[in-house]
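In what follows, a structure is listed as structure tokens, so that the remarks can point back to it.
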Amino acid sequence: MSAPPSSSAGGALINDVLTDDELRGVLARLGPEAERDAFGLVCRRWLRIQSSERRRLRARAGPAMLRRMAARFPGVLELDLSQSPSRSFYPGVIDDDLDVVAGGFRNLRVLALQNCKGITDVGIVKLGDRLPSLQSLDVSHCRKLSDRGLKAVALGCKNLRQLLITGCRLITDNLLIALSKNCLHLEDLGAAGCNSITDAGISVLADGCHNMKALDISKCSKVGDPGVCKFAEVSSSSLVSLKLLDCNKVGDKSIQAIANFCHNLQTLVIGGCRDVSDGSVEALALSCCNSLKSLRMDWCLKITDSSLRSILSNCKLLVAVDVGCCDQITDAAFQDIEANGFLSELRLLKISSCVRVTVAGVRNVIEYCRALEHLDVRSCPQVTRQSCEQAGLQFPGSCKVNFEGSLSEPDLSVDIFF
């Protein structure tokens, strides 16, 4: 058997045969990130190609290192400099870092700066001035930011699709006016906790941004029916997610408007909207019966069995419902919910503190909802672990039942539904 040919005997080295484009084709076929990183360990040429093809980067670095990264990864489109809220170091990312980002990553499409407490309007203005291709910006909980910096982003980033400003309490209607005039392609605005936003700002936003798919104005206590009704009408065909948690001025007029116009809605959060009652929710169940997947209406104290039964009986794609602390809910809400003849896809049901629900109601739930994965019955005095065992209830094997614990404790395993 002859030995494999060497390069001196006429064999060819792979670097002599394959062009850069062909090596990029090889790299494109690699799946896991670890395989793509290993590609760059072969030699300097392969490292250069691997670096030039990298599109996503997560980093925690100062200006000097960011400059080196910008030179090495010129093709990066998504950059994540976010900090952990519980383990973030101060000052962390600062305006000098944003200056480097704006100058070195000129093709950037997505930038995440969540919980970067050290940045101010000065740095954000530089992003707006020098990153015209930016489509997504997350500055959630960057509490030093105000309208001034983000208006520069609205003015300079005409293709902005997503802006997340949750917890930026200095933001006012002035930013929404700027977005309405300049960011006509905006699809997703997360402004939870920006409690200076009013109905006027939401109405102006609706006037200019006609393709909104998601809006989160939870805890914006100055927003009520006028703004939500206008937004629902204008964004009717495109809106798939609307979150209004603890917007206590939102009532039946808003829900009725959503029912009238937003027939593609998939997620609705109205927890804490205590003026919402059965009539509007029943209308929602009928109009969004082929789209609604997640509905959170905990602490909607006027909700009764009629609303919940209508939702469960009509919404074919429903996967998550939260009616916690709706103390008018009884076992009757779960009777005859199979009458419409479709197989329930419900995976999450939260009925915590629904004090009138008993083991009989839970039995109906598990008989009808075979796909159930999470059932929250905390603070339901008639539904305990012992009473369920005594009644011989057989929960689905994959179902996690939460009998105990404080209602103030977040349940991260179910947050993904809302």
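Following the order of the structure tokens, chains are lettered A, B, ..., residues in each are numbered from 1, and ligands are numbered from 1.
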
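Within the 7 Å cut-off around stretch 235-249 of chain A, using only C-alpha atoms and omitting residues fewer than 6 positions from it on the same chain, the listed residues are His210, Asn211, Met212, Lys213, Ala214, Leu215, Asp216, Ile217, Ser218, Lys219, Cys220, Ser221, Val223, Gly224, Asp225, Phe261, Cys262, His263, Asn264, Leu265, Gln266, Thr267, Leu268, Val269, Ile270, Gly271, Gly272, Cys273 and Arg274 of chain A.
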
What's the separation between atom CA of A:Ser307 and atom CA of A:Ala283, in Å to one decimal place?
9.2 Å

Run DSSP on the backbone and tell me which residues of stretch 67-130 of chain A come out as alpha helix (DSSP H); list them as a PyMOL selection string.
chain A and resi 67-72+95-104+121-130

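Going from atom CA of A:Val228 over to atom CA of A:Gly324, you cover 23.7 Å.
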
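Between atom CA of A:Ala391 and atom CA of A:Thr358 the separation is 10.9 Å.
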
List the spatial neighbours of A:Thr120 as a CSV table (one decimal) with C-alpha atoms, in the first residue's frame - criterion: any atom at most 7 Å away, only C-alpha atoms, same-chain residues fewer than 6 positions off excluded.
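That gives us part-v3.csv:
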```csv
chain,number,residue,atom,x,y,z
A,95,ASP,CA,-20.5,56.9,27.0
A,144,LYS,CA,-30.2,58.3,33.1
A,145,LEU,CA,-31.7,58.4,29.6
```

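For stretch 18-210 of chain A, the set of residues given strand (DSSP E or B) by DSSP on the backbone reads Arg56, Leu57, Arg58, Glu78, Leu79, Asp80, Val110, Leu111, Ala112, Ser136, Leu137, Asp138, Ser146, Gln162, Leu163, Leu164, Leu170, Asp188, Leu189 and Gly190 of chain A.
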
Just to be explicit: take each residue in the selection above, keep N, CA and C atoms, and write the result as a PDB file, in the first residue's frame.
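File selection.pdb, as written:
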```pdb
ATOM      1  N   ARG A  56     -22.759  38.010  15.241  1.00  0.00           N
ATOM      2  CA  ARG A  56     -23.237  38.313  16.587  1.00  0.00           C
ATOM      3  C   ARG A  56     -22.075  38.340  17.564  1.00  0.00           C
ATOM      4  N   LEU A  57     -22.167  39.271  18.512  1.00  0.00           N
ATOM      5  CA  LEU A  57     -21.082  39.414  19.472  1.00  0.00           C
ATOM      6  C   LEU A  57     -21.661  39.869  20.807  1.00  0.00           C
ATOM      7  N   ARG A  58     -21.251  39.181  21.863  1.00  0.00           N
ATOM      8  CA  ARG A  58     -21.602  39.590  23.221  1.00  0.00           C
ATOM      9  C   ARG A  58     -20.310  39.903  23.955  1.00  0.00           C
ATOM     10  N   GLU A  78     -25.030  42.299  15.203  1.00  0.00           N
ATOM     11  CA  GLU A  78     -25.729  42.306  16.485  1.00  0.00           C
ATOM     12  C   GLU A  78     -24.704  42.337  17.615  1.00  0.00           C
ATOM     13  N   LEU A  79     -24.810  43.347  18.463  1.00  0.00           N
ATOM     14  CA  LEU A  79     -23.866  43.534  19.561  1.00  0.00           C
ATOM     15  C   LEU A  79     -24.631  43.633  20.875  1.00  0.00           C
ATOM     16  N   ASP A  80     -24.248  42.807  21.840  1.00  0.00           N
ATOM     17  CA  ASP A  80     -24.911  42.782  23.143  1.00  0.00           C
ATOM     18  C   ASP A  80     -23.911  43.173  24.230  1.00  0.00           C
ATOM     19  N   VAL A 110     -28.503  45.540  15.440  1.00  0.00           N
ATOM     20  CA  VAL A 110     -29.112  45.274  16.744  1.00  0.00           C
ATOM     21  C   VAL A 110     -28.104  45.622  17.842  1.00  0.00           C
ATOM     22  N   LEU A 111     -28.526  46.424  18.811  1.00  0.00           N
ATOM     23  CA  LEU A 111     -27.662  46.804  19.929  1.00  0.00           C
ATOM     24  C   LEU A 111     -28.439  46.670  21.230  1.00  0.00           C
ATOM     25  N   ALA A 112     -27.906  45.870  22.158  1.00  0.00           N
ATOM     26  CA  ALA A 112     -28.537  45.655  23.458  1.00  0.00           C
ATOM     27  C   ALA A 112     -27.689  46.286  24.550  1.00  0.00           C
ATOM     28  N   SER A 136     -32.757  47.750  15.905  1.00  0.00           N
ATOM     29  CA  SER A 136     -33.243  47.371  17.230  1.00  0.00           C
ATOM     30  C   SER A 136     -32.321  47.922  18.305  1.00  0.00           C
ATOM     31  N   LEU A 137     -32.903  48.599  19.296  1.00  0.00           N
ATOM     32  CA  LEU A 137     -32.132  49.165  20.403  1.00  0.00           C
ATOM     33  C   LEU A 137     -32.842  48.849  21.709  1.00  0.00           C
ATOM     34  N   ASP A 138     -32.113  48.220  22.626  1.00  0.00           N
ATOM     35  CA  ASP A 138     -32.644  47.903  23.949  1.00  0.00           C
ATOM     36  C   ASP A 138     -31.852  48.671  24.997  1.00  0.00           C
ATOM     37  N   SER A 146     -33.026  60.206  28.738  1.00  0.00           N
ATOM     38  CA  SER A 146     -34.221  61.041  28.613  1.00  0.00           C
ATOM     39  C   SER A 146     -34.595  61.178  27.146  1.00  0.00           C
ATOM     40  N   GLN A 162     -37.473  48.160  16.418  1.00  0.00           N
ATOM     41  CA  GLN A 162     -37.735  47.815  17.812  1.00  0.00           C
ATOM     42  C   GLN A 162     -37.002  48.773  18.738  1.00  0.00           C
ATOM     43  N   LEU A 163     -37.729  49.299  19.721  1.00  0.00           N
ATOM     44  CA  LEU A 163     -37.133  50.159  20.737  1.00  0.00           C
ATOM     45  C   LEU A 163     -37.666  49.732  22.096  1.00  0.00           C
ATOM     46  N   LEU A 164     -36.755  49.309  22.978  1.00  0.00           N
ATOM     47  CA  LEU A 164     -37.125  48.853  24.311  1.00  0.00           C
ATOM     48  C   LEU A 164     -36.571  49.833  25.337  1.00  0.00           C
ATOM     49  N   LEU A 170     -37.603  58.842  32.700  1.00  0.00           N
ATOM     50  CA  LEU A 170     -37.523  60.242  32.257  1.00  0.00           C
ATOM     51  C   LEU A 170     -38.149  60.445  30.878  1.00  0.00           C
ATOM     52  N   ASP A 188     -42.201  47.455  17.279  1.00  0.00           N
ATOM     53  CA  ASP A 188     -42.218  46.980  18.664  1.00  0.00           C
ATOM     54  C   ASP A 188     -41.703  48.075  19.582  1.00  0.00           C
ATOM     55  N   LEU A 189     -42.558  48.520  20.505  1.00  0.00           N
ATOM     56  CA  LEU A 189     -42.156  49.516  21.496  1.00  0.00           C
ATOM     57  C   LEU A 189     -42.435  48.957  22.882  1.00  0.00           C
ATOM     58  N   GLY A 190     -41.378  48.790  23.676  1.00  0.00           N
ATOM     59  CA  GLY A 190     -41.509  48.341  25.062  1.00  0.00           C
ATOM     60  C   GLY A 190     -41.240  49.502  25.984  1.00  0.00           C
TER      61      GLY A 190
END
```

Tell me, as a PyMOL selection string, which residues lie within 12 Å of stretch 69-73 of chain A, counting only C-alpha atoms; anything in the same chain fewer than 3 positions away does not count.
chain A and resi 47-66+76-79+97+100-108

Would you output that residue set with N, CA and C atoms, as an mmCIF file, in the first residue's frame?
```cif
data_model
loop_
_atom_site.group_PDB
_atom_site.id
_atom_site.type_symbol
_atom_site.label_atom_id
_atom_site.label_comp_id
_atom_site.auth_asym_id
_atom_site.auth_seq_id
_atom_site.Cartn_x
_atom_site.Cartn_y
_atom_site.Cartn_z
ATOM 1 N N LEU A 47 -8.770 32.021 10.609
ATOM 2 C CA LEU A 47 -9.231 32.899 11.685
ATOM 3 C C LEU A 47 -9.743 34.217 11.111
ATOM 4 N N ARG A 48 -9.014 34.753 10.113
ATOM 5 C CA ARG A 48 -9.449 36.008 9.481
ATOM 6 C C ARG A 48 -10.814 35.840 8.824
ATOM 7 N N ILE A 49 -11.014 34.730 8.146
ATOM 8 C CA ILE A 49 -12.292 34.488 7.469
ATOM 9 C C ILE A 49 -13.410 34.286 8.492
ATOM 10 N N GLN A 50 -13.097 33.500 9.534
ATOM 11 C CA GLN A 50 -14.100 33.273 10.563
ATOM 12 C C GLN A 50 -14.494 34.581 11.253
ATOM 13 N N SER A 51 -13.525 35.431 11.493
ATOM 14 C CA SER A 51 -13.806 36.721 12.139
ATOM 15 C C SER A 51 -14.641 37.620 11.251
ATOM 16 N N SER A 52 -14.321 37.630 9.958
ATOM 17 C CA SER A 52 -15.051 38.507 9.035
ATOM 18 C C SER A 52 -16.499 38.069 8.849
ATOM 19 N N GLU A 53 -16.791 36.783 9.110
ATOM 20 C CA GLU A 53 -18.132 36.262 8.917
ATOM 21 C C GLU A 53 -18.968 36.272 10.190
ATOM 22 N N ARG A 54 -18.385 36.665 11.291
ATOM 23 C CA ARG A 54 -19.134 36.681 12.553
ATOM 24 C C ARG A 54 -20.158 37.803 12.526
ATOM 25 N N ARG A 55 -21.389 37.466 12.901
ATOM 26 C CA ARG A 55 -22.480 38.438 12.839
ATOM 27 C C ARG A 55 -22.999 38.843 14.217
ATOM 28 N N ARG A 56 -22.759 38.010 15.241
ATOM 29 C CA ARG A 56 -23.237 38.313 16.587
ATOM 30 C C ARG A 56 -22.075 38.340 17.564
ATOM 31 N N LEU A 57 -22.167 39.271 18.512
ATOM 32 C CA LEU A 57 -21.082 39.414 19.472
ATOM 33 C C LEU A 57 -21.661 39.869 20.807
ATOM 34 N N ARG A 58 -21.251 39.181 21.863
ATOM 35 C CA ARG A 58 -21.602 39.590 23.221
ATOM 36 C C ARG A 58 -20.310 39.903 23.955
ATOM 37 N N ALA A 59 -20.252 41.079 24.560
ATOM 38 C CA ALA A 59 -18.970 41.509 25.120
ATOM 39 C C ALA A 59 -19.175 42.324 26.384
ATOM 40 N N ARG A 60 -18.119 42.369 27.193
ATOM 41 C CA ARG A 60 -18.047 43.268 28.340
ATOM 42 C C ARG A 60 -16.629 43.816 28.331
ATOM 43 N N ALA A 61 -16.477 44.988 27.760
ATOM 44 C CA ALA A 61 -15.120 45.497 27.528
ATOM 45 C C ALA A 61 -15.115 47.015 27.522
ATOM 46 N N GLY A 62 -13.935 47.580 27.805
ATOM 47 C CA GLY A 62 -13.758 49.015 27.741
ATOM 48 C C GLY A 62 -13.437 49.472 26.336
ATOM 49 N N PRO A 63 -13.208 50.762 26.143
ATOM 50 C CA PRO A 63 -12.978 51.306 24.809
ATOM 51 C C PRO A 63 -11.830 50.654 24.053
ATOM 52 N N ALA A 64 -10.714 50.392 24.713
ATOM 53 C CA ALA A 64 -9.557 49.826 24.009
ATOM 54 C C ALA A 64 -9.885 48.450 23.438
ATOM 55 N N MET A 65 -10.495 47.590 24.239
ATOM 56 C CA MET A 65 -10.843 46.261 23.764
ATOM 57 C C MET A 65 -11.929 46.326 22.691
ATOM 58 N N LEU A 66 -12.874 47.240 22.842
ATOM 59 C CA LEU A 66 -13.930 47.370 21.828
ATOM 60 C C LEU A 66 -13.351 47.775 20.482
ATOM 61 N N VAL A 76 -19.919 42.362 12.138
ATOM 62 C CA VAL A 76 -20.893 42.181 13.214
ATOM 63 C C VAL A 76 -22.135 43.036 12.971
ATOM 64 N N LEU A 77 -23.307 42.386 13.080
ATOM 65 C CA LEU A 77 -24.582 43.072 12.918
ATOM 66 C C LEU A 77 -25.333 43.204 14.243
ATOM 67 N N GLU A 78 -25.030 42.299 15.203
ATOM 68 C CA GLU A 78 -25.729 42.306 16.485
ATOM 69 C C GLU A 78 -24.704 42.337 17.615
ATOM 70 N N LEU A 79 -24.810 43.347 18.463
ATOM 71 C CA LEU A 79 -23.866 43.534 19.561
ATOM 72 C C LEU A 79 -24.631 43.633 20.875
ATOM 73 N N ASP A 97 -17.600 54.060 25.703
ATOM 74 C CA ASP A 97 -17.807 52.793 25.002
ATOM 75 C C ASP A 97 -18.744 52.981 23.826
ATOM 76 N N VAL A 100 -17.062 54.394 20.806
ATOM 77 C CA VAL A 100 -16.334 53.390 20.037
ATOM 78 C C VAL A 100 -17.298 52.540 19.216
ATOM 79 N N VAL A 101 -18.403 52.144 19.815
ATOM 80 C CA VAL A 101 -19.407 51.345 19.102
ATOM 81 C C VAL A 101 -19.925 52.094 17.879
ATOM 82 N N ALA A 102 -20.241 53.363 18.065
ATOM 83 C CA ALA A 102 -20.780 54.159 16.962
ATOM 84 C C ALA A 102 -19.773 54.326 15.833
ATOM 85 N N GLY A 103 -18.488 54.404 16.179
ATOM 86 C CA GLY A 103 -17.476 54.595 15.149
ATOM 87 C C GLY A 103 -16.933 53.310 14.558
ATOM 88 N N GLY A 104 -16.948 52.211 15.338
ATOM 89 C CA GLY A 104 -16.312 50.977 14.881
ATOM 90 C C GLY A 104 -17.235 49.939 14.299
ATOM 91 N N PHE A 105 -18.496 49.928 14.720
ATOM 92 C CA PHE A 105 -19.456 48.928 14.225
ATOM 93 C C PHE A 105 -20.503 49.639 13.372
ATOM 94 N N ARG A 106 -20.090 50.142 12.240
ATOM 95 C CA ARG A 106 -20.948 51.022 11.447
ATOM 96 C C ARG A 106 -22.113 50.304 10.781
ATOM 97 N N ASN A 107 -22.026 48.962 10.675
ATOM 98 C CA ASN A 107 -23.107 48.215 10.025
ATOM 99 C C ASN A 107 -24.092 47.620 11.021
ATOM 100 N N LEU A 108 -24.000 48.039 12.260
ATOM 101 C CA LEU A 108 -24.786 47.433 13.331
ATOM 102 C C LEU A 108 -26.287 47.553 13.068
#
```
